[in-house]
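Comments concern the structure below.
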Amino acid sequence: MQVLKFGGSSVANAVNISKCIGIIRKAVEQDKTIVVISALGGITDSLLLCAAAAAAGDEGYTETLKAIEQRHLDMVRELIPVTSQSHILSMVKKTCNELEDIFKGIFLLRELSARTKDHVVSFGELLSSRILSAALAAMDSPNSWKDSREVIVTDTRFGHALVDFPATQKKMTAYFQGTHDVLFIVPGFIAADSRGITTTLGRGGSDFTAAIYGSALNSNKIEIWTDVSGMMTADPRLVSNARVIPEISYQEAMELSHFGAKVIYPPTLQPVMNKNIPVWIRNTFVPADPGTLIEKISSTAGNSIRGISSIHRIALLSLEGSGMIGIPGFSKRLFEALSRQQINVILITQASSEHSICVGVDSSQAAIAKISIDDAFAIEIQAGTVLPLFVEEELAIIALVGDNMKNHPGISGKLFGALGRNGINVRAIAQGSSERNISAVISTKDVKKAVNVLHEEFFEATYKQLNLFIAGTGNVGKRLLQQLAQQRNFLQDQLRLQVRVTGVANSRRMLVQEEGIDLHSWSAELEKGDPMHLRDFIKIIHSKNLRNSVFVDVTANKEVAMGYEQLLQKSISVVACNKIACSAPYSYYRKLKDLSKEFNAAFFFETNVGAGLPVIGTLNDLLRSGDKIRKIEAVLSGTLNFVFNHYDGKTKFAAVVKQAQDEGYTEPDPRLDLSGTDVMRKIMILAREAGHALEMEEISNQVFLPASCMEGSVEDFYKAMDREEAQFKKLFDAAAAEEKKLKFVAGYENGKASVGLQHVGPSHDFYHLYGKDNIVLFYTDRYPEQPLVIKGAGAGAEVTASGVFADIIRAANA
Ligand code: ADP
Ligand code: ASP
Ligand code: MG
């Protein structure tokens, strides 16, 4: 004997039912078979809605009822040959007429009791099982239809009746032993009390029906046929990387289903586990897939975690007060108050100080729980020794489940570490003494992110997914996207990083695609994106709430730089080549650094100084290892170096500047470079990183650019430089007369910073600095005489993009 159960989606329409029929016909060749059927997908909900409408006096219920009838009639017509239809069509019509009478009664009385609800929903399973039975018969598969209400006995807890197993077993054995038939079709979900009044086993209860038949008749196996290929490591609707668990123990499967894995109704395994009846979860639509085998497993080998599940709509009730300490009986009174209202407790935690008890219940029961508990502790609350019950809503529970957890220390550390890194706040935790489950209560809005983070941590340890949101598609942004596309496979294979560009924006448009933007066609796709508003872009990043999110700022825009605060606060890392944030007033820089620490989000800006050169990273490493910065000397402007290396007093100064701009070595407004402002920003950032709260106004700048060049537009600036050519030539000639070169040098010593043009002779480190190179000399306690020197290309889109790239990878590993 075997029991096969087909769920709502498996019997949702004629095409699907035909698939079930194929599976049933094959199964019955092997063994005597009982087939348990759910209502057609969605029908139970429709019946309940219809009943509620009728009870509310809404005549619209008749339309819903008509649609229900039509759906069943259509199915019969599609499934069964015309010649065999009449009998079953009249059955459907007769049943629906009966249903209509009941609804009319509900409508007239404006009353809908739990008992009537059970009666109404029973029609869903009665209709579906009758139709399947007729369809099989019409295909030469003789079978017996049996009403489960005649063989499953329950108490009268309508909506959630408890099964009387001895009585049920007696009835089932009597019926099934007395027949030689080999195929039985029975409705799931429904049963009857000892007087024969219809009851139901709870929503999703057809799985349980299968287990009741299987257990009472000692079947060889039970197969639950559904719309997924087995019990999965996480809810596939939340985690796209979830995978089928080939084998799982009864206890683990039970724990997962109790904590929200809807694929199996929680009480289902109870009656079969003592009898060691194997339960398979199989996919009606992919019958070749092996599915999941739920059975007794004693081996403790393999992954420590078998699956992750989550329950939404949780309320956390906290009872707190000094009056609870050391006085026995408090918890008892609390749980009695809950039990009086038949409130199911899903999770319990108690602080060891006994100062507070915290329980998780379904949100729908929170209000009644508060009344009941406040009432039970009225005297203490009045005396002030216990506080009124504190209720928090909009919460969820996530649970890690695995028999093998107890043999692997450090799991909770990994759990909280992963949640913490992603800014997910844990409100309460519980670990069962069986050590088969660790549960954490978190905010509902974080569930998807949390389940994915944990899935990655425990099942995809080999890969970590990064979600990048890139602002800016100019010279650097374009190169960065190119480099990401090019290195994609390398990162995946070598660094185990799956880098996904989830969002791209420029000053005009923005585009966010959770599944990742195609890096070969991003430009065309972005053109079709929404108009860019930074506030909206950040709002989307927040609402997507994706794990390992990194915001990459490759703009030179002030508004973008002012947005970091909102990102870091949500644990979203920020990588910037934009210097505006770090060179803003010190208080903003400090705030960002502090937020980064507080919310565990990386804030990296290596390219703010020396483009791709490892300047800030080296400075940080020196300080971390205990060194102290005594002095910094540097040529920090690739632009100015390029300009003074190319200006020979013959070609016009303005033409050399233009060339630098054309080759992409300048800021969008080259005056930021030429005025020395950009160099001031850089030396200030280095000073700040070295621990000095320096402001721009404190830096002395011997400006060489005549004031007239600073007025008007960039075009005016070029014209003004042309007019001032004599000034530039004078500067050049003065240096040349001493056989020296002009270098724009930044210095920092004893908390003071300065920038300005200097004449540099051949013996100086800076003399042989060509092209757009930068050089930084760090004089420290460990490098007092011979400085640590960092030298190389200090400007250019390609090297800057590679520096940003490196920061992104660092953020991933932070
Ligand atoms: P049926 O109608 O066949 O009873 P259900 O909708 O009750 O099917 O259960 C199957 C659904 O359960 C799947 O489609 C899936 O979305 C959901 N589900 C939630 N958690 C899990 C999990 N851990 N493994 C598999 N499915 C899950
Ligand atoms: N039809 C019932 C429900 O939707 C039982 C089931 O499908 O398991 O809850
Ligand atoms: Mg189900």
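By order in the structure tokens, chains are A, B, ...; within a chain, residues start at 1; ligands start at 1, following the order shown.
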Protein and nucleic acid residues within 6 Å of ligand 2 (only C-alpha atoms and all ligand atoms) as a list in words
Gly7, Gly8, Ser38, Ala39, Thr44, Phe189, Arg203, Gly204, Gly205, Ser206 and Asp207 of chain A
If you take only C-alpha atoms and all ligand atoms and a cut-off of 9 Å, which residues of chain A touch ligand 1, and what are their nearest atom pairs and distances in Å to one decimal, in chain and number order, as JSON lines?
```
{"residue": "A:Lys5", "atom": "CA", "partner": "ligand 1", "partner_atom_place_in_ligand_line": "3 (O)", "distance": 8.4}
{"residue": "A:Phe6", "atom": "CA", "partner": "ligand 1", "partner_atom_place_in_ligand_line": "3 (O)", "distance": 6.1}
{"residue": "A:Gly7", "atom": "CA", "partner": "ligand 1", "partner_atom_place_in_ligand_line": "3 (O)", "distance": 3.3}
{"residue": "A:Gly8", "atom": "CA", "partner": "ligand 1", "partner_atom_place_in_ligand_line": "2 (O)", "distance": 3.8}
{"residue": "A:Ser9", "atom": "CA", "partner": "ligand 1", "partner_atom_place_in_ligand_line": "2 (O)", "distance": 4.8}
{"residue": "A:Ser10", "atom": "CA", "partner": "ligand 1", "partner_atom_place_in_ligand_line": "3 (O)", "distance": 6.2}
{"residue": "A:Val11", "atom": "CA", "partner": "ligand 1", "partner_atom_place_in_ligand_line": "2 (O)", "distance": 8.4}
{"residue": "A:Ala12", "atom": "CA", "partner": "ligand 1", "partner_atom_place_in_ligand_line": "2 (O)", "distance": 8.9}
{"residue": "A:Ser38", "atom": "CA", "partner": "ligand 1", "partner_atom_place_in_ligand_line": "2 (O)", "distance": 7.4}
{"residue": "A:Ala39", "atom": "CA", "partner": "ligand 1", "partner_atom_place_in_ligand_line": "2 (O)", "distance": 8.8}
{"residue": "A:Leu40", "atom": "CA", "partner": "ligand 1", "partner_atom_place_in_ligand_line": "2 (O)", "distance": 8.7}
{"residue": "A:Gly41", "atom": "CA", "partner": "ligand 1", "partner_atom_place_in_ligand_line": "2 (O)", "distance": 6.6}
{"residue": "A:Arg203", "atom": "CA", "partner": "ligand 1", "partner_atom_place_in_ligand_line": "7 (O)", "distance": 9.0}
{"residue": "A:Gly204", "atom": "CA", "partner": "ligand 1", "partner_atom_place_in_ligand_line": "7 (O)", "distance": 5.8}
{"residue": "A:Gly205", "atom": "CA", "partner": "ligand 1", "partner_atom_place_in_ligand_line": "4 (O)", "distance": 8.4}
{"residue": "A:Ser206", "atom": "CA", "partner": "ligand 1", "partner_atom_place_in_ligand_line": "4 (O)", "distance": 7.3}
{"residue": "A:Asp207", "atom": "CA", "partner": "ligand 1", "partner_atom_place_in_ligand_line": "4 (O)", "distance": 6.9}
{"residue": "A:Ile224", "atom": "CA", "partner": "ligand 1", "partner_atom_place_in_ligand_line": "3 (O)", "distance": 7.5}
{"residue": "A:Trp225", "atom": "CA", "partner": "ligand 1", "partner_atom_place_in_ligand_line": "3 (O)", "distance": 6.2}
{"residue": "A:Thr226", "atom": "CA", "partner": "ligand 1", "partner_atom_place_in_ligand_line": "3 (O)", "distance": 3.6}
{"residue": "A:Asp227", "atom": "CA", "partner": "ligand 1", "partner_atom_place_in_ligand_line": "14 (O)", "distance": 5.3}
{"residue": "A:Val228", "atom": "CA", "partner": "ligand 1", "partner_atom_place_in_ligand_line": "14 (O)", "distance": 5.5}
{"residue": "A:Ser229", "atom": "CA", "partner": "ligand 1", "partner_atom_place_in_ligand_line": "25 (C)", "distance": 7.5}
{"residue": "A:Gly230", "atom": "CA", "partner": "ligand 1", "partner_atom_place_in_ligand_line": "25 (C)", "distance": 5.8}
{"residue": "A:Met231", "atom": "CA", "partner": "ligand 1", "partner_atom_place_in_ligand_line": "24 (N)", "distance": 3.8}
{"residue": "A:Met232", "atom": "CA", "partner": "ligand 1", "partner_atom_place_in_ligand_line": "24 (N)", "distance": 3.6}
{"residue": "A:Thr233", "atom": "CA", "partner": "ligand 1", "partner_atom_place_in_ligand_line": "23 (N)", "distance": 5.5}
{"residue": "A:Ala234", "atom": "CA", "partner": "ligand 1", "partner_atom_place_in_ligand_line": "23 (N)", "distance": 4.3}
{"residue": "A:Asp235", "atom": "CA", "partner": "ligand 1", "partner_atom_place_in_ligand_line": "20 (N)", "distance": 3.5}
{"residue": "A:Pro236", "atom": "CA", "partner": "ligand 1", "partner_atom_place_in_ligand_line": "16 (O)", "distance": 5.7}
{"residue": "A:Arg237", "atom": "CA", "partner": "ligand 1", "partner_atom_place_in_ligand_line": "16 (O)", "distance": 5.4}
{"residue": "A:Leu238", "atom": "CA", "partner": "ligand 1", "partner_atom_place_in_ligand_line": "19 (C)", "distance": 8.5}
{"residue": "A:Ala242", "atom": "CA", "partner": "ligand 1", "partner_atom_place_in_ligand_line": "23 (N)", "distance": 8.1}
{"residue": "A:Arg243", "atom": "CA", "partner": "ligand 1", "partner_atom_place_in_ligand_line": "24 (N)", "distance": 8.2}
{"residue": "A:Val244", "atom": "CA", "partner": "ligand 1", "partner_atom_place_in_ligand_line": "24 (N)", "distance": 7.3}
{"residue": "A:Ile245", "atom": "CA", "partner": "ligand 1", "partner_atom_place_in_ligand_line": "24 (N)", "distance": 8.4}
{"residue": "A:Ala253", "atom": "CA", "partner": "ligand 1", "partner_atom_place_in_ligand_line": "23 (N)", "distance": 9.0}
{"residue": "A:Leu256", "atom": "CA", "partner": "ligand 1", "partner_atom_place_in_ligand_line": "23 (N)", "distance": 7.0}
{"residue": "A:Ser257", "atom": "CA", "partner": "ligand 1", "partner_atom_place_in_ligand_line": "23 (N)", "distance": 7.6}
{"residue": "A:Gly260", "atom": "CA", "partner": "ligand 1", "partner_atom_place_in_ligand_line": "20 (N)", "distance": 6.5}
{"residue": "A:Ala261", "atom": "CA", "partner": "ligand 1", "partner_atom_place_in_ligand_line": "20 (N)", "distance": 3.6}
{"residue": "A:Lys262", "atom": "CA", "partner": "ligand 1", "partner_atom_place_in_ligand_line": "12 (O)", "distance": 4.3}
{"residue": "A:Val263", "atom": "CA", "partner": "ligand 1", "partner_atom_place_in_ligand_line": "9 (O)", "distance": 3.5}
{"residue": "A:Ile264", "atom": "CA", "partner": "ligand 1", "partner_atom_place_in_ligand_line": "9 (O)", "distance": 6.4}
{"residue": "A:Tyr265", "atom": "CA", "partner": "ligand 1", "partner_atom_place_in_ligand_line": "7 (O)", "distance": 7.4}
{"residue": "A:Ile281", "atom": "CA", "partner": "ligand 1", "partner_atom_place_in_ligand_line": "25 (C)", "distance": 8.9}
{"residue": "A:Asn283", "atom": "CA", "partner": "ligand 1", "partner_atom_place_in_ligand_line": "3 (O)", "distance": 8.7}
{"residue": "A:Thr284", "atom": "CA", "partner": "ligand 1", "partner_atom_place_in_ligand_line": "3 (O)", "distance": 8.8}
{"residue": "A:Gly307", "atom": "CA", "partner": "ligand 1", "partner_atom_place_in_ligand_line": "23 (N)", "distance": 6.9}
{"residue": "A:Ile308", "atom": "CA", "partner": "ligand 1", "partner_atom_place_in_ligand_line": "23 (N)", "distance": 7.1}
{"residue": "A:Ser309", "atom": "CA", "partner": "ligand 1", "partner_atom_place_in_ligand_line": "23 (N)", "distance": 6.4}
{"residue": "A:Ser310", "atom": "CA", "partner": "ligand 1", "partner_atom_place_in_ligand_line": "20 (N)", "distance": 8.3}
```
Output C-alpha atoms of each residue in that selection to a file, as a PDB file, in the first residue's frame.
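Wrote it out as selection-v4.pdb, contents follow:
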```pdb
ATOM      1  CA  LYS A   5      -1.047  13.198  -2.358  1.00  0.00           C
ATOM      2  CA  PHE A   6      -1.483  15.895  -5.009  1.00  0.00           C
ATOM      3  CA  GLY A   7      -1.587  19.537  -3.883  1.00  0.00           C
ATOM      4  CA  GLY A   8      -3.627  22.484  -5.093  1.00  0.00           C
ATOM      5  CA  SER A   9      -1.260  23.591  -7.847  1.00  0.00           C
ATOM      6  CA  SER A  10      -0.939  20.011  -9.139  1.00  0.00           C
ATOM      7  CA  VAL A  11      -4.683  19.919  -9.713  1.00  0.00           C
ATOM      8  CA  ALA A  12      -5.168  23.592 -10.592  1.00  0.00           C
ATOM      9  CA  SER A  38      -6.487  18.909  -2.493  1.00  0.00           C
ATOM     10  CA  ALA A  39      -9.031  21.374  -3.767  1.00  0.00           C
ATOM     11  CA  LEU A  40      -8.151  22.985  -7.105  1.00  0.00           C
ATOM     12  CA  GLY A  41      -5.512  25.657  -6.369  1.00  0.00           C
ATOM     13  CA  ARG A 203      -4.995  25.133   6.094  1.00  0.00           C
ATOM     14  CA  GLY A 204      -2.641  23.075   3.962  1.00  0.00           C
ATOM     15  CA  GLY A 205      -3.914  19.997   5.795  1.00  0.00           C
ATOM     16  CA  SER A 206      -4.154  17.609   2.827  1.00  0.00           C
ATOM     17  CA  ASP A 207      -0.531  16.616   3.472  1.00  0.00           C
ATOM     18  CA  ILE A 224       3.622  14.299  -1.591  1.00  0.00           C
ATOM     19  CA  TRP A 225       3.384  15.572  -5.176  1.00  0.00           C
ATOM     20  CA  THR A 226       3.666  19.346  -5.430  1.00  0.00           C
ATOM     21  CA  ASP A 227       5.040  22.137  -7.633  1.00  0.00           C
ATOM     22  CA  VAL A 228       8.698  22.036  -6.523  1.00  0.00           C
ATOM     23  CA  SER A 229      11.251  19.253  -6.859  1.00  0.00           C
ATOM     24  CA  GLY A 230      11.482  18.588  -3.143  1.00  0.00           C
ATOM     25  CA  MET A 231      12.079  20.218   0.175  1.00  0.00           C
ATOM     26  CA  MET A 232      14.636  22.921  -0.470  1.00  0.00           C
ATOM     27  CA  THR A 233      17.421  24.537   1.521  1.00  0.00           C
ATOM     28  CA  ALA A 234      15.257  27.676   1.691  1.00  0.00           C
ATOM     29  CA  ASP A 235      11.958  28.951   0.362  1.00  0.00           C
ATOM     30  CA  PRO A 236      12.583  29.190  -3.397  1.00  0.00           C
ATOM     31  CA  ARG A 237      10.354  32.260  -3.584  1.00  0.00           C
ATOM     32  CA  LEU A 238      12.857  34.085  -1.372  1.00  0.00           C
ATOM     33  CA  ALA A 242      17.877  27.414  -2.986  1.00  0.00           C
ATOM     34  CA  ARG A 243      18.425  23.780  -3.862  1.00  0.00           C
ATOM     35  CA  VAL A 244      16.673  20.519  -3.266  1.00  0.00           C
ATOM     36  CA  ILE A 245      17.667  18.565  -0.150  1.00  0.00           C
ATOM     37  CA  ALA A 253      11.795  18.372   8.067  1.00  0.00           C
ATOM     38  CA  LEU A 256      11.696  23.417   8.882  1.00  0.00           C
ATOM     39  CA  SER A 257       7.981  23.139   8.249  1.00  0.00           C
ATOM     40  CA  GLY A 260       7.563  28.228   7.657  1.00  0.00           C
ATOM     41  CA  ALA A 261       8.635  25.759   4.934  1.00  0.00           C
ATOM     42  CA  LYS A 262       5.156  25.598   3.423  1.00  0.00           C
ATOM     43  CA  VAL A 263       5.977  22.618   1.229  1.00  0.00           C
ATOM     44  CA  ILE A 264       4.828  20.358   4.033  1.00  0.00           C
ATOM     45  CA  TYR A 265       2.094  21.004   6.573  1.00  0.00           C
ATOM     46  CA  ILE A 281       8.370  15.134  -1.806  1.00  0.00           C
ATOM     47  CA  ASN A 283       7.412  17.450  -8.439  1.00  0.00           C
ATOM     48  CA  THR A 284       4.233  16.773 -10.458  1.00  0.00           C
ATOM     49  CA  GLY A 307      17.800  24.269   5.683  1.00  0.00           C
ATOM     50  CA  ILE A 308      16.647  27.755   6.553  1.00  0.00           C
ATOM     51  CA  SER A 309      13.070  28.820   6.968  1.00  0.00           C
ATOM     52  CA  SER A 310      11.139  31.865   8.040  1.00  0.00           C
TER      53      SER A 310
END
```
Can you tell me which residues surround range 506-522 of chain A at a distance of at most 10 Å, considering only C-alpha atoms, apart from same-chain residues fewer than 2 positions away, and format the answer as number ranges by chain?
A: 240, 467-474, 477-478, 481-486, 488, 499-504, 524-534, 536-537, 540-541, 544, 546, 554-555, 557
Nearest to ligand 3 by atom-to-atom distance, counting only C-alpha atoms and all ligand atoms, from A:Gln569, A:Thr156, A:Thr173, A:Thr268
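When distances to ligand 3 are compared using only C-alpha atoms and all ligand atoms, the smallest one comes from A:Thr268.
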Got a sec: who's within 10 Å of range 448-455 of chain A, counting only C-alpha atoms, leaving out chain neighbours fewer than 2 positions off, as a ChimeraX atom specification?
/A:233-235,237-242,305,307-310,398-400,414-425,442-446,457-461,464-465,544-548
Limited to N, CA and C atoms, could you put the picked residues into a file as a short mmCIF file (atom, residue, chain, number, x, y, z; two decimals), in the first residue's frame?
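Saved to again.cif:
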```cif
data_model
loop_
_atom_site.label_atom_id
_atom_site.label_comp_id
_atom_site.auth_asym_id
_atom_site.auth_seq_id
_atom_site.Cartn_x
_atom_site.Cartn_y
_atom_site.Cartn_z
N THR A 233 16.61 23.95 0.46
CA THR A 233 17.42 24.54 1.52
C THR A 233 16.84 25.85 2.04
N ALA A 234 15.97 26.48 1.25
CA ALA A 234 15.26 27.68 1.69
C ALA A 234 14.05 27.84 0.77
N ASP A 235 13.14 28.70 1.18
CA ASP A 235 11.96 28.95 0.36
C ASP A 235 12.39 29.49 -1.00
N ARG A 237 10.91 30.95 -3.21
CA ARG A 237 10.35 32.26 -3.58
C ARG A 237 11.21 33.38 -3.01
N LEU A 238 12.00 33.06 -1.97
CA LEU A 238 12.86 34.09 -1.37
C LEU A 238 14.30 33.97 -1.84
N VAL A 239 14.75 32.74 -2.06
CA VAL A 239 16.17 32.51 -2.36
C VAL A 239 16.29 31.82 -3.71
N SER A 240 16.77 32.54 -4.70
CA SER A 240 16.81 31.93 -6.04
C SER A 240 17.85 30.81 -6.11
N ASN A 241 18.83 30.84 -5.21
CA ASN A 241 19.85 29.78 -5.23
C ASN A 241 19.48 28.56 -4.37
N ALA A 242 18.26 28.54 -3.84
CA ALA A 242 17.88 27.41 -2.99
C ALA A 242 17.98 26.12 -3.80
N ILE A 305 24.04 22.39 8.62
CA ILE A 305 22.72 23.01 8.48
C ILE A 305 22.00 22.38 7.30
N GLY A 307 18.66 23.31 6.37
CA GLY A 307 17.80 24.27 5.68
C GLY A 307 17.55 25.50 6.54
N ILE A 308 16.96 26.49 5.88
CA ILE A 308 16.65 27.76 6.55
C ILE A 308 15.19 28.05 6.26
N SER A 309 14.44 28.43 7.29
CA SER A 309 13.07 28.82 6.97
C SER A 309 12.69 30.08 7.72
N SER A 310 11.54 30.60 7.41
CA SER A 310 11.14 31.87 8.04
C SER A 310 9.63 31.93 8.21
N ILE A 398 13.52 33.85 11.68
CA ILE A 398 14.24 33.01 10.73
C ILE A 398 14.88 31.89 11.54
N ALA A 399 14.88 30.70 10.97
CA ALA A 399 15.40 29.56 11.72
C ALA A 399 16.40 28.78 10.87
N LEU A 400 17.51 28.44 11.51
CA LEU A 400 18.50 27.55 10.89
C LEU A 400 18.24 26.18 11.48
N LYS A 414 28.53 32.46 13.37
CA LYS A 414 28.46 32.69 11.93
C LYS A 414 27.13 33.36 11.56
N LEU A 415 26.08 32.87 12.21
CA LEU A 415 24.74 33.43 11.96
C LEU A 415 24.70 34.92 12.28
N PHE A 416 25.13 35.26 13.51
CA PHE A 416 25.02 36.66 13.91
C PHE A 416 26.04 37.54 13.18
N GLY A 417 27.20 36.95 12.87
CA GLY A 417 28.21 37.70 12.11
C GLY A 417 27.65 38.10 10.76
N ALA A 418 27.05 37.13 10.07
CA ALA A 418 26.52 37.40 8.72
C ALA A 418 25.39 38.42 8.78
N LEU A 419 24.51 38.28 9.80
CA LEU A 419 23.41 39.24 9.89
C LEU A 419 23.95 40.63 10.22
N GLY A 420 24.90 40.67 11.16
CA GLY A 420 25.48 41.95 11.59
C GLY A 420 26.14 42.69 10.44
N ARG A 421 26.91 41.97 9.64
CA ARG A 421 27.62 42.60 8.52
C ARG A 421 26.64 43.23 7.54
N ASN A 422 25.42 42.74 7.54
CA ASN A 422 24.44 43.26 6.59
C ASN A 422 23.42 44.16 7.26
N GLY A 423 23.76 44.62 8.46
CA GLY A 423 22.92 45.61 9.12
C GLY A 423 21.56 45.08 9.53
N ILE A 424 21.48 43.77 9.79
CA ILE A 424 20.18 43.21 10.19
C ILE A 424 20.18 43.06 11.71
N ASN A 425 19.25 43.76 12.31
CA ASN A 425 19.19 43.81 13.76
C ASN A 425 18.43 42.58 14.29
N ILE A 442 13.67 38.97 13.70
CA ILE A 442 14.17 40.16 13.00
C ILE A 442 12.98 40.92 12.42
N SER A 443 13.27 42.08 11.87
CA SER A 443 12.20 42.88 11.29
C SER A 443 11.72 42.24 9.98
N THR A 444 10.41 42.30 9.72
CA THR A 444 9.85 41.68 8.51
C THR A 444 10.55 42.16 7.24
N LYS A 445 10.89 43.45 7.23
CA LYS A 445 11.47 44.00 6.00
C LYS A 445 12.85 43.40 5.70
N ASP A 446 13.47 42.78 6.68
CA ASP A 446 14.81 42.22 6.47
C ASP A 446 14.80 40.74 6.12
N GLU A 457 25.91 32.06 3.38
CA GLU A 457 26.89 31.72 4.41
C GLU A 457 26.98 30.20 4.63
N PHE A 458 25.81 29.54 4.64
CA PHE A 458 25.83 28.13 5.02
C PHE A 458 25.76 27.14 3.84
N PHE A 459 25.27 27.62 2.69
CA PHE A 459 25.14 26.68 1.58
C PHE A 459 25.95 27.05 0.34
N GLU A 460 26.33 28.32 0.26
CA GLU A 460 27.05 28.73 -0.94
C GLU A 460 28.39 29.26 -0.50
N ALA A 461 28.94 28.67 0.57
CA ALA A 461 30.18 29.19 1.15
C ALA A 461 31.18 29.44 0.04
N LYS A 464 30.33 34.36 -2.81
CA LYS A 464 29.71 35.47 -2.10
C LYS A 464 29.22 36.42 -3.17
N GLN A 465 27.97 36.84 -3.04
CA GLN A 465 27.45 37.74 -4.08
C GLN A 465 27.57 39.19 -3.65
N LYS A 544 15.38 47.69 -1.88
CA LYS A 544 15.82 46.38 -2.38
C LYS A 544 16.44 45.59 -1.24
N ASN A 545 17.14 46.31 -0.36
CA ASN A 545 17.68 45.68 0.86
C ASN A 545 18.46 44.40 0.53
N LEU A 546 19.36 44.51 -0.45
CA LEU A 546 20.10 43.33 -0.89
C LEU A 546 21.36 43.13 -0.05
N ARG A 547 21.75 41.88 0.06
CA ARG A 547 22.93 41.60 0.88
C ARG A 547 24.19 42.11 0.18
N ASN A 548 25.23 42.32 0.96
CA ASN A 548 26.54 42.75 0.45
C ASN A 548 26.41 43.84 -0.61
#
```
Using only C-alpha atoms and all ligand atoms, which residue out of A:Tyr175, A:Phe704, A:Phe208, A:Phe642 lies closest to ligand 3?
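Selected residue with least distance to ligand 3: A:Phe208.
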Of A:Val760, A:Ile294, A:Val755, A:Leu127, the one nearest to Ala735 in chain A when counting only C-alpha atoms is A:Val760
In range 552-645 of chain A, what's helix (DSSP H, G or I) per DSSP? Answer as a ChimeraX atom specification?
/A:558-561,564-568,586-598,606-608,615-624,638-645
Once you have the residues from the selection above, write them out as a JSON list (two decimals), in the first residue's frame, restricted to C-alpha atoms.
```json
[["chain", "number", "residue", "atom", "x", "y", "z"],
["A", 558, "LYS", "CA", 28.48, 67.08, -4.34],
["A", 559, "GLU", "CA", 24.90, 65.84, -3.95],
["A", 560, "VAL", "CA", 26.05, 62.25, -4.41],
["A", 561, "ALA", "CA", 28.79, 62.73, -1.80],
["A", 564, "TYR", "CA", 26.78, 58.49, 1.79],
["A", 565, "GLU", "CA", 25.41, 59.09, 5.24],
["A", 566, "GLN", "CA", 22.05, 57.53, 4.36],
["A", 567, "LEU", "CA", 23.80, 54.55, 2.79],
["A", 568, "LEU", "CA", 26.29, 53.75, 5.54],
["A", 586, "TYR", "CA", 36.03, 67.60, 8.98],
["A", 587, "SER", "CA", 32.81, 66.92, 10.89],
["A", 588, "TYR", "CA", 31.23, 65.26, 7.82],
["A", 589, "TYR", "CA", 34.33, 63.16, 7.09],
["A", 590, "ARG", "CA", 34.39, 62.09, 10.76],
["A", 591, "LYS", "CA", 30.71, 61.27, 10.76],
["A", 592, "LEU", "CA", 31.10, 59.00, 7.74],
["A", 593, "LYS", "CA", 34.08, 57.21, 9.27],
["A", 594, "ASP", "CA", 32.11, 56.70, 12.49],
["A", 595, "LEU", "CA", 29.01, 55.47, 10.66],
["A", 596, "SER", "CA", 31.17, 53.03, 8.74],
["A", 597, "LYS", "CA", 32.40, 51.59, 12.01],
["A", 598, "GLU", "CA", 29.05, 51.61, 13.75],
["A", 606, "GLU", "CA", 41.81, 55.04, -2.06],
["A", 607, "THR", "CA", 41.52, 56.82, -5.42],
["A", 608, "ASN", "CA", 40.98, 60.18, -3.70],
["A", 615, "VAL", "CA", 48.65, 55.74, -0.96],
["A", 616, "ILE", "CA", 45.85, 55.74, 1.59],
["A", 617, "GLY", "CA", 46.04, 51.97, 2.06],
["A", 618, "THR", "CA", 49.77, 52.21, 2.78],
["A", 619, "LEU", "CA", 49.26, 55.08, 5.21],
["A", 620, "ASN", "CA", 46.57, 53.07, 7.02],
["A", 621, "ASP", "CA", 48.79, 50.00, 7.17],
["A", 622, "LEU", "CA", 51.66, 52.04, 8.65],
["A", 623, "LEU", "CA", 49.40, 53.46, 11.34],
["A", 624, "ARG", "CA", 47.72, 50.15, 12.10],
["A", 638, "GLY", "CA", 48.88, 64.34, -12.15],
["A", 639, "THR", "CA", 47.48, 67.31, -14.05],
["A", 640, "LEU", "CA", 49.93, 69.85, -12.71],
["A", 641, "ASN", "CA", 52.80, 67.48, -13.15],
["A", 642, "PHE", "CA", 51.75, 66.83, -16.73],
["A", 643, "VAL", "CA", 51.35, 70.54, -17.38],
["A", 644, "PHE", "CA", 54.73, 71.56, -15.91],
["A", 645, "ASN", "CA", 56.48, 68.62, -17.56]]
```
Which residues in range 744-788 of chain A does DSSP call strand (DSSP E or B)? List them as a PyMOL selection string.
chain A and resi 744-749+752-760+773-780+788
Given only C-alpha atoms, how would the per-residue table for range 289-327 of chain A near range 347-351 of chain A read, listing every residue at most 10 Å away with its closest atom pair and distance in Å to one decimal, sorted by chain and number, as CSV?
```
residue,atom,partner,partner_atom,distance
A:Ile314,CA,A:Leu347,CA,9.8
A:Leu316,CA,A:Leu347,CA,8.9
A:Leu317,CA,A:Ile348,CA,9.6
A:Ser318,CA,A:Thr349,CA,9.5
A:Leu319,CA,A:Gln350,CA,9.8
```
Residue among A:Ala135, A:Ala288, A:Pro266, A:Gly329 lying closest to ligand 3, counting only C-alpha atoms and all ligand atoms:
A:Pro266
